[in-house]
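Scroll down for the structure; my scribbles are underneath it.
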Amino acid sequence: MPDPTDLKQRIKLMLVDNLMLQVSAAELGDDTALFGPEGLGLDSVDALQLVVALEKNFRLKIADTGEAKKILQSVNTIAAAVLLAESSKQQQPPN
């Protein structure tokens, strides 16, 4: 199970690198809204890039738009989804 603090830092770095954000990972708050005018103002193209990056970097599969809206709210919500996916993978019996 990854350390939550380390995981959030890795997510922030991934966001900055993949979306070419105008802020550094250190400036990105755990609860900063990723979408909307009160947050980073990401758009649907950014969301698609983010879904692909999360699958590539953390093996987190986001199945549909509703799930994406819940998960892609902030660094905290992404980290929670990654941790949940990790714990459910560990509980599955090996084949």
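Each chain in the structure tokens gets a letter, A, B, ..., in the order shown, and its residues are numbered from 1; ligands are numbered from 1 in order too.
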Just the residues within 10 Å of Asp30 in chain A, please, counting only C-alpha atoms, with nothing from its chain fewer than 3 positions along; format it as a ChimeraX atom specification. /A:5,8-9,11-12,27,33,74-79
Print the selection's residues with N, CA and C atoms to a file, as a JSON list (two decimals), in the first residue's frame.
```json
[["chain", "number", "residue", "atom", "x", "y", "z"],
["A", 5, "THR", "N", 0.96, 10.36, 1.67],
["A", 5, "THR", "CA", 1.65, 11.62, 1.42],
["A", 5, "THR", "C", 2.52, 11.52, 0.17],
["A", 8, "LYS", "N", 0.24, 11.41, -2.96],
["A", 8, "LYS", "CA", -0.27, 12.73, -3.34],
["A", 8, "LYS", "C", 0.81, 13.53, -4.07],
["A", 9, "GLN", "N", 2.04, 13.43, -3.61],
["A", 9, "GLN", "CA", 3.14, 14.14, -4.27],
["A", 9, "GLN", "C", 3.34, 13.61, -5.69],
["A", 11, "ILE", "N", 1.06, 12.20, -7.56],
["A", 11, "ILE", "CA", -0.08, 12.65, -8.36],
["A", 11, "ILE", "C", 0.11, 14.10, -8.79],
["A", 12, "LYS", "N", 0.58, 14.95, -7.87],
["A", 12, "LYS", "CA", 0.81, 16.36, -8.21],
["A", 12, "LYS", "C", 1.85, 16.49, -9.32],
["A", 27, "GLU", "N", 2.95, 24.09, -5.29],
["A", 27, "GLU", "CA", 1.88, 25.09, -5.18],
["A", 27, "GLU", "C", 0.49, 24.47, -5.23],
["A", 33, "ALA", "N", -9.50, 22.47, -6.35],
["A", 33, "ALA", "CA", -10.40, 21.94, -7.39],
["A", 33, "ALA", "C", -9.64, 21.90, -8.72],
["A", 74, "SER", "N", -10.01, 16.55, -7.09],
["A", 74, "SER", "CA", -8.83, 17.13, -6.44],
["A", 74, "SER", "C", -7.76, 16.05, -6.29],
["A", 75, "VAL", "N", -6.60, 16.45, -5.83],
["A", 75, "VAL", "CA", -5.53, 15.48, -5.56],
["A", 75, "VAL", "C", -6.01, 14.48, -4.51],
["A", 76, "ASN", "N", -6.72, 14.96, -3.49],
["A", 76, "ASN", "CA", -7.22, 14.06, -2.45],
["A", 76, "ASN", "C", -8.18, 13.00, -3.00],
["A", 77, "THR", "N", -9.09, 13.39, -3.89],
["A", 77, "THR", "CA", -10.05, 12.41, -4.41],
["A", 77, "THR", "C", -9.36, 11.41, -5.34],
["A", 78, "ILE", "N", -8.35, 11.87, -6.07],
["A", 78, "ILE", "CA", -7.59, 10.95, -6.93],
["A", 78, "ILE", "C", -6.81, 9.97, -6.05],
["A", 79, "ALA", "N", -6.14, 10.48, -5.03],
["A", 79, "ALA", "CA", -5.36, 9.62, -4.12],
["A", 79, "ALA", "C", -6.27, 8.58, -3.46]]
```
Report as a PyMOL selection string: the residues of chain A with a DSSP assignment of helix (DSSP H, G or I), based on the backbone of this structure. chain A and resi 4-19+25-27+44-58+65-71+75-91
What separates CA of Met14 in chain A and CA of Ala53 in chain A is a distance of 7.5 Å
If we count only C-alpha atoms and set the cut-off at 12 Å, which residues sit around range 64-71 of chain A, ignoring sequence neighbours fewer than 5 positions away in its own chain? Please answer as a list of chain:residue names.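 The neighbour list is A:Ala33, A:Leu34, A:Phe35, A:Gly36, A:Asp43, A:Ser44, A:Ala47, A:Leu48, A:Gln49, A:Leu50, A:Val51, A:Val52, A:Leu54, A:Asn76, A:Thr77, A:Ile78, A:Ala79, A:Ala80, A:Ala81, A:Val82, A:Leu83, A:Leu84, A:Ala85.
Shortest separation to Pro2 in chain A among A:Val23, A:Asp17, A:Pro37, A:Phe58 occurs at residue A:Phe58, atoms counted being only C-alpha atoms.
Note that the spacing between CA of Gly41 in chain A and CA of Leu13 in chain A amounts to 17.4 Å.
Reported to one decimal place, the separation of CA of Glu86 in chain A from CA of Lys56 in chain A is 14.3 Å.
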